[in-house]
file upload24.cif (mmCIF, C-alpha atoms)
data_structure
#
loop_
_atom_site.label_atom_id
_atom_site.label_comp_id
_atom_site.auth_asym_id
_atom_site.auth_seq_id
_atom_site.Cartn_x
_atom_site.Cartn_y
_atom_site.Cartn_z
CA MET Y 1 -115.91 12.33 41.00
CA ARG Y 2 -118.94 11.50 38.88
CA ARG Y 3 -117.62 7.94 38.48
CA ILE Y 4 -117.40 7.49 42.28
CA VAL Y 5 -120.95 8.78 42.71
CA PHE Y 6 -122.16 6.43 39.95
CA VAL Y 7 -120.47 3.41 41.59
CA LYS Y 8 -122.05 4.28 44.96
CA GLU Y 9 -125.48 4.52 43.34
CA ILE Y 10 -125.02 1.09 41.71
CA LEU Y 11 -123.94 -0.45 45.03
CA LEU Y 12 -126.96 1.08 46.77
CA LEU Y 13 -129.30 -0.31 44.13
CA LEU Y 14 -127.71 -3.76 44.50
CA MET Y 15 -128.19 -3.64 48.27
CA ILE Y 16 -131.86 -2.68 47.89
CA LEU Y 17 -132.39 -5.44 45.31
CA THR Y 18 -130.73 -8.04 47.57
CA ILE Y 19 -132.90 -7.06 50.53
CA SER Y 20 -136.02 -7.15 48.37
CA LEU Y 21 -135.22 -10.57 46.93
CA SER Y 22 -134.45 -12.04 50.34
CA GLY Y 23 -137.81 -10.76 51.57
CA PHE Y 24 -139.64 -12.49 48.71
CA SER Y 25 -137.76 -15.78 49.02
CA LYS Y 26 -138.09 -16.17 52.78
CA GLU Y 27 -140.46 -18.93 53.83
CA LYS Y 28 -143.05 -18.34 56.49
CA GLU Y 29 -141.69 -19.63 59.79
CA VAL Y 30 -143.98 -20.68 62.60
CA LYS Y 31 -142.87 -21.45 66.13
CA SER Y 32 -144.19 -24.54 67.82
CA ILE Y 33 -144.80 -24.24 71.56
CA TRP Y 34 -143.88 -26.82 74.17
CA ALA Y 35 -146.75 -29.09 75.20
CA ALA Y 36 -146.28 -29.18 78.96
CA SER Y 37 -149.29 -31.48 79.35
CA SER Y 38 -150.69 -34.18 77.10
CA VAL Y 39 -152.76 -33.03 74.11
CA LYS Y 40 -156.07 -34.82 73.69
CA ILE Y 41 -156.61 -35.54 69.99
CA ASP Y 42 -160.37 -35.03 69.75
CA GLY Y 43 -160.88 -32.41 67.03
CA PHE Y 44 -161.66 -29.66 69.55
CA LYS Y 45 -159.48 -26.60 70.00
CA ASP Y 46 -159.90 -26.39 73.78
CA ASP Y 47 -156.25 -27.40 74.37
CA TRP Y 48 -155.02 -24.61 72.11
CA ALA Y 49 -156.31 -21.50 73.86
CA GLU Y 50 -152.79 -20.24 74.71
CA VAL Y 51 -151.42 -20.66 71.18
CA ALA Y 52 -151.04 -17.84 68.66
CA PHE Y 53 -152.39 -19.08 65.33
CA ALA Y 54 -150.80 -18.47 61.94
CA GLY Y 55 -152.92 -18.33 58.81
CA GLU Y 56 -152.97 -18.92 55.07
CA LYS Y 57 -155.17 -16.14 53.71
CA LYS Y 58 -155.49 -17.58 50.21
CA VAL Y 59 -157.44 -20.57 51.49
CA LYS Y 60 -158.80 -19.00 54.70
CA THR Y 61 -157.25 -21.46 57.12
CA ASP Y 62 -155.62 -21.10 60.53
CA TYR Y 63 -153.04 -23.46 62.00
CA ALA Y 64 -150.78 -23.92 65.00
CA PHE Y 65 -148.14 -26.34 66.25
CA LYS Y 66 -147.21 -27.87 69.59
CA ASN Y 67 -144.64 -30.50 70.40
CA ASP Y 68 -143.16 -32.47 73.24
CA ALA Y 69 -140.24 -34.89 73.25
CA GLU Y 70 -142.19 -37.52 71.30
CA ASN Y 71 -144.85 -35.90 69.12
CA LEU Y 72 -145.65 -32.97 66.85
CA TYR Y 73 -149.23 -31.78 67.34
CA VAL Y 74 -151.02 -29.77 64.66
CA LEU Y 75 -154.35 -27.96 64.74
CA TYR Y 76 -155.67 -26.99 61.31
CA ILE Y 77 -158.91 -25.02 60.88
CA PHE Y 78 -160.93 -24.42 57.72
CA LYS Y 79 -162.94 -21.20 58.04
CA ASP Y 80 -164.59 -21.27 54.60
CA PRO Y 81 -166.15 -24.46 53.15
CA LYS Y 82 -165.38 -23.10 49.67
CA TYR Y 83 -161.77 -24.26 50.09
CA LEU Y 84 -162.51 -27.78 51.31
CA SER Y 85 -162.58 -28.95 47.68
CA SER Y 86 -162.73 -32.78 47.62
CA ILE Y 87 -161.15 -33.27 51.05
CA SER Y 88 -163.87 -35.72 52.10
CA ILE Y 89 -162.65 -38.06 49.33
CA THR Y 90 -158.93 -37.22 49.06
CA GLY Y 91 -158.22 -36.52 52.72
CA ILE Y 92 -155.45 -34.14 53.78
CA THR Y 93 -151.74 -34.96 53.51
CA LEU Y 94 -149.02 -33.51 55.73
CA TRP Y 95 -145.56 -33.62 54.15
CA PHE Y 96 -142.37 -33.46 56.23
CA ASN Y 97 -138.84 -32.54 55.18
CA SER Y 98 -136.00 -32.23 57.68
CA GLU Y 99 -133.76 -30.65 55.01
CA ARG Y 100 -136.24 -27.73 54.93
CA LYS Y 101 -136.90 -28.23 51.23
CA LYS Y 102 -140.21 -28.47 49.39
CA LYS Y 103 -139.72 -32.14 48.57
CA LYS Y 104 -142.64 -34.52 48.83
CA ASN Y 105 -140.53 -37.52 49.78
CA TYR Y 106 -142.46 -38.47 52.89
CA GLY Y 107 -145.97 -37.63 53.98
CA ILE Y 108 -148.90 -38.97 55.94
CA LYS Y 109 -152.37 -38.91 54.40
CA PHE Y 110 -155.17 -38.52 56.92
CA ILE Y 111 -158.56 -39.58 55.63
CA GLN Y 112 -161.94 -40.76 56.88
CA LYS Y 113 -163.03 -44.06 55.35
CA GLN Y 114 -166.23 -46.09 55.42
CA ILE Y 115 -165.55 -49.79 56.00
CA SER Y 116 -167.73 -52.83 56.60
CA ALA Y 117 -168.25 -54.41 60.02
CA ASP Y 118 -166.14 -57.43 59.05
CA ALA Y 119 -163.36 -55.17 57.78
CA LEU Y 120 -163.41 -53.33 61.13
CA ILE Y 121 -163.14 -56.64 63.01
CA SER Y 122 -160.23 -57.73 60.83
CA ARG Y 123 -158.49 -54.38 61.30
CA THR Y 124 -158.98 -54.49 65.09
CA GLU Y 125 -157.59 -58.03 65.34
CA LYS Y 126 -154.55 -57.05 63.30
CA GLU Y 127 -153.81 -54.08 65.56
CA LYS Y 128 -154.90 -55.35 68.98
CA GLY Y 129 -155.31 -59.12 68.76
CA PRO Y 130 -158.32 -61.48 68.74
CA VAL Y 131 -161.81 -60.01 69.20
CA PRO Y 132 -164.22 -62.04 71.37
CA GLU Y 133 -167.29 -63.46 69.58
CA ASP Y 134 -169.74 -61.40 71.64
CA GLN Y 135 -167.94 -58.19 70.58
CA LYS Y 136 -167.96 -59.32 66.94
CA LYS Y 137 -171.71 -59.84 67.20
CA GLU Y 138 -172.11 -56.34 68.63
CA ILE Y 139 -169.97 -54.80 65.88
CA ARG Y 140 -171.97 -56.55 63.15
CA LYS Y 141 -175.17 -54.85 64.31
CA ASN Y 142 -174.05 -51.94 62.11
CA PRO Y 143 -173.13 -52.85 58.51
CA PHE Y 144 -170.68 -49.94 58.06
CA TYR Y 145 -168.41 -47.74 60.18
CA LEU Y 146 -166.58 -44.45 59.57
CA ILE Y 147 -162.96 -44.65 60.70
CA ASN Y 148 -160.07 -42.17 60.87
CA ASP Y 149 -157.22 -43.65 58.88
CA ALA Y 150 -153.62 -42.54 58.31
CA GLU Y 151 -151.38 -43.87 55.52
CA ILE Y 152 -147.75 -43.27 54.61
CA VAL Y 153 -147.39 -41.54 51.22
CA ASN Y 154 -144.23 -41.30 49.11
CA LYS Y 155 -143.28 -38.85 46.36
CA LYS Y 156 -144.97 -41.02 43.71
CA GLY Y 157 -148.28 -40.82 45.55
CA LYS Y 158 -148.24 -44.49 46.55
CA SER Y 159 -149.53 -45.22 50.04
CA ARG Y 160 -149.04 -47.99 52.57
CA SER Y 161 -150.08 -48.67 56.14
CA GLN Y 162 -148.08 -47.24 59.01
CA SER Y 163 -147.61 -50.71 60.51
CA SER Y 164 -145.62 -51.72 57.41
CA GLU Y 165 -142.82 -49.37 58.50
CA SER Y 166 -142.33 -50.05 62.19
CA ASN Y 167 -144.56 -51.60 64.82
CA GLU Y 168 -142.32 -50.17 67.53
CA ILE Y 169 -143.32 -46.59 66.75
CA LYS Y 170 -146.77 -45.29 67.62
CA PRO Y 171 -148.96 -44.45 64.61
CA ALA Y 172 -149.89 -40.92 63.62
CA VAL Y 173 -153.52 -40.18 64.52
CA PHE Y 174 -156.09 -37.47 63.87
CA ARG Y 175 -159.64 -36.38 64.57
CA VAL Y 176 -161.89 -34.03 62.63
CA MET Y 177 -164.81 -32.13 64.11
CA LYS Y 178 -167.24 -29.55 62.81
CA GLN Y 179 -167.66 -26.61 65.21
CA GLN Y 180 -170.21 -23.99 64.18
CA ASN Y 181 -168.93 -22.77 60.79
CA LEU Y 182 -165.46 -24.27 61.24
CA LEU Y 183 -164.01 -27.63 60.28
CA VAL Y 184 -161.23 -28.52 62.72
CA PHE Y 185 -158.52 -31.12 62.14
CA GLU Y 186 -156.25 -32.15 65.01
CA PHE Y 187 -153.16 -34.32 64.45
CA ALA Y 188 -150.50 -36.10 66.50
CA ILE Y 189 -147.41 -37.25 64.57
CA PRO Y 190 -144.59 -39.11 66.37
CA LEU Y 191 -141.24 -37.41 65.70
CA LYS Y 192 -139.55 -40.81 65.21
CA ARG Y 193 -142.06 -41.72 62.50
CA MET Y 194 -141.26 -38.50 60.66
CA MET Y 195 -137.52 -39.20 61.01
CA GLU Y 196 -137.75 -42.71 59.52
CA GLN Y 197 -138.07 -41.47 55.95
CA THR Y 198 -136.51 -38.00 56.02
CA SER Y 199 -132.90 -38.56 54.95
CA GLY Y 200 -131.90 -39.84 58.37
CA VAL Y 201 -131.68 -36.28 59.72
CA GLU Y 202 -132.80 -36.13 63.32
CA ILE Y 203 -136.11 -34.44 63.98
CA GLU Y 204 -136.19 -33.54 67.64
CA PRO Y 205 -137.14 -30.64 69.95
CA GLY Y 206 -135.27 -27.48 69.04
CA LYS Y 207 -134.76 -28.46 65.38
CA ARG Y 208 -136.53 -27.06 62.31
CA VAL Y 209 -138.69 -29.01 59.90
CA LYS Y 210 -140.58 -27.98 56.79
CA VAL Y 211 -144.24 -29.01 56.81
CA GLY Y 212 -146.47 -29.06 53.75
CA PHE Y 213 -150.29 -29.14 53.72
CA GLU Y 214 -152.05 -30.63 50.69
CA TRP Y 215 -155.66 -31.55 49.95
CA GLY Y 216 -158.30 -31.62 47.22
CA GLY Y 217 -157.89 -32.50 43.58
CA MET Y 218 -158.80 -35.89 42.16
CA THR Y 219 -158.11 -39.44 43.23
CA GLU Y 220 -156.92 -42.00 40.67
CA GLU Y 221 -160.47 -43.39 40.54
CA MET Y 222 -161.85 -39.93 39.80
CA LYS Y 223 -159.28 -39.41 37.02
CA LYS Y 224 -160.20 -42.73 35.43
CA GLU Y 225 -163.89 -41.80 35.58
CA VAL Y 226 -163.18 -38.46 33.88
CA LYS Y 227 -161.30 -40.26 31.08
CA ARG Y 228 -164.13 -42.78 30.71
CA ARG Y 229 -166.79 -40.08 30.44
CA SER Y 230 -164.65 -38.03 28.07
CA ALA Y 231 -164.13 -41.05 25.80
CA ALA Y 232 -167.85 -41.87 25.88
CA LEU Y 233 -168.71 -38.27 25.02
CA GLU Y 234 -166.27 -38.30 22.08
CA ARG Y 235 -167.73 -41.56 20.76
CA THR Y 236 -171.24 -40.12 20.97
CA ARG Y 237 -170.27 -37.01 19.06
CA SER Y 238 -168.22 -38.86 16.42
CA THR Y 239 -171.21 -41.08 15.57
CA SER Y 240 -173.70 -38.24 15.53
CA SER Y 241 -175.95 -38.26 12.45
CA ASP Y 242 -176.61 -34.54 12.71
CA PRO Y 243 -174.75 -32.92 9.78
CA THR Y 244 -174.74 -29.57 11.60
CA ASP Y 245 -172.80 -31.04 14.51
CA ASN Y 246 -169.25 -29.84 13.78
CA ARG Y 247 -167.86 -30.75 17.19
CA ALA Y 248 -167.04 -34.38 16.37
CA GLY Y 249 -163.31 -35.00 16.05
CA ALA Y 250 -162.45 -31.48 17.21
CA GLY Y 251 -160.26 -32.88 20.02
CA ALA Y 252 -160.76 -33.14 23.75
CA GLY Y 253 -159.73 -29.56 24.35
CA SER Y 254 -162.56 -28.12 22.29
CA SER Y 255 -165.31 -30.74 22.59
CA VAL Y 256 -165.17 -31.77 26.25
CA PRO Y 257 -166.39 -29.28 28.88
CA MET Y 258 -163.48 -27.83 30.83
CA GLY Y 259 -165.19 -28.54 34.15
CA LEU Y 260 -165.24 -32.24 33.30
CA LEU Y 261 -161.51 -32.25 32.66
CA SER Y 262 -160.25 -30.08 35.50
CA GLY Y 263 -162.19 -31.58 38.40
CA PRO Y 264 -161.95 -30.28 41.98
CA LYS Y 265 -159.14 -27.83 42.73
CA LYS Y 266 -156.02 -28.99 44.55
CA TYR Y 267 -154.51 -26.82 47.30
CA SER Y 268 -151.08 -26.91 48.93
CA PHE Y 269 -148.58 -24.73 50.77
CA TRP Y 270 -145.47 -25.10 52.97
CA VAL Y 271 -144.29 -23.58 56.25
CA ASP Y 272 -141.07 -23.78 58.26
CA VAL Y 273 -141.69 -24.99 61.79
CA GLN Y 274 -139.30 -24.29 64.65
CA LEU Y 275 -139.84 -27.09 67.17
CA ALA Y 276 -139.88 -26.05 70.81
CA LYS Y 277 -137.47 -27.27 73.49
CA LYS Y 278 -138.40 -28.04 77.06
CA SER Y 279 -137.40 -25.22 79.37
CA VAL Y 280 -136.35 -25.54 83.01
CA ASN Y 281 -139.74 -24.14 84.04
CA ASP Y 282 -141.78 -26.80 82.19
#

call {"tool": "encode", "arguments": {"input": "upload24.cif", "output": "structure tokens"}}
result
Amino acid sequence: MRRIVFVKEILLLLMILTISLSGFSKEKEVKSIWAASSVKIDGFKDDWAEVAFAGEKKVKTDYAFKNDAENLYVLYIFKDPKYLSSISITGITLWFNSERKKKKNYGIKFIQKQISADALISRTEKEKGPVPEDQKKEIRKNPFYLINDAEIVNKKGKSRSQSSESNEIKPAVFRVMKQQNLLVFEFAIPLKRMMEQTSGVEIEPGKRVKVGFEWGGMTEEMKKEVKRRSAALERTRSTSSDPTDNRAGAGAGSSVPMGLLSGPKKYSFWVDVQLAKKSVND
């Protein structure tokens, strides 16, 4: 009798443990809503009044998804500038995985860049064709322009232009706008562009896709600058004539300030997104 009771207690404990573990391992799932009308990508949240926002408390951000038959639309809001980190330099990358795994195989980096007037003319001609001379003259009145750029990123962090993949598919676009104390990012990503590099699995209305958000940290240029400064600091200390200076040759971990080595913090998290399907009422 005691043995039967003991076995039942063990089974009960196993059931509780299984339920607990499944609760911890479950990814946050967010439902996209069907975009019955076109979404204007302008960095304002006016088109999102009917959407229930999800949030990532650790970085004080809110986000929501919409989709139609062609695009996934994302609104991402920073509520605390503390968590922006180096986003103005690194941009923000959205990763997509149709296998619903946290694999950074394919992403799109959205970033604002400053380019020269001539670079803007060259870019415009590449995308839209020849620019008339009078328009070139008008463009050159300002030496620099701030543009919203989007680049394809692979798992090794290497980027390339969207046009290098397929000119037949519309590019992903975004806008960023500051509203009171909020910084609002709005994105439009063609579903076909996401599908190109995601294991050939179809990404379409009604399917699920895992989306990762990543920003901050250091660029390759910033990392090189940190190494250069660290090396210069070590050389200065190793040639110091002060006999009381015992820091020379102590190693980077003890002689270089930690803030110089760590740089801006990098943030990232993933969510499962259930894409919406068009209903008979839409």

call {"tool": "closest_residue", "arguments": {"input": "upload24.cif", "among": "Y:Gly107, Y:Lys113, Y:Glu186, Y:Leu120", "to": "Asp47 of chain Y", "atoms": "all atoms listed in the file"}}
result
Y:Glu186

call {"tool": "resolve_selection", "arguments": {"input": "upload24.cif", "expression": "the PyMOL selection byres ((chain Y and resi 62-65) around 10)", "output": "VMD selection string"}}
result
chain Y and resid 30 to 35 48 51 to 57 59 to 61 66 to 67 72 to 79 184 to 187 273 to 276

call {"tool": "resolve_selection", "arguments": {"input": "upload24.cif", "expression": "the PyMOL selection byres ((chain Y and resi 108) around 12)", "output": "number ranges by chain"}}
result
Y: 91-97, 104-107, 109-111, 149-155, 157-162, 171-174, 187-190, 193-194, 197, 211-215

call {"tool": "closest_residue", "arguments": {"input": "upload24.cif", "among": "Y:Asp80, Y:Glu70, Y:Glu127, Y:Glu133", "to": "Leu182 of chain Y", "atoms": "only C-alpha atoms"}}
result
Y:Asp80

call {"tool": "atom_distance", "arguments": {"input": "upload24.cif", "atom1": "atom CA of Lys192 of chain Y", "atom2": "atom CA of Ser279 of chain Y"}}
result
21.2 Å

call {"tool": "atom_distance", "arguments": {"input": "upload24.cif", "atom1": "atom CA of Gly263 of chain Y", "atom2": "atom CA of Lys28 of chain Y"}}
result
29.5 Å

call {"tool": "resolve_selection", "arguments": {"input": "upload24.cif", "expression": "the PyMOL selection byres ((chain Y and resi 88) around 12)", "output": "list in words"}}
result
Pro81, Tyr83, Leu84, Ser85, Ser86, Ile87, Ile89, Thr90, Gly91, Ile92, Phe110, Ile111, Gln112, Lys113, Gln114, Leu146, Asn148, Val176, Leu183, Trp215, Gly216, Gly217, Met218, Thr219 and Pro264 of chain Y

call {"tool": "atom_distance", "arguments": {"input": "upload24.cif", "atom1": "atom CA of Asp42 of chain Y", "atom2": "atom CA of Gln180 of chain Y"}}
result
15.8 Å
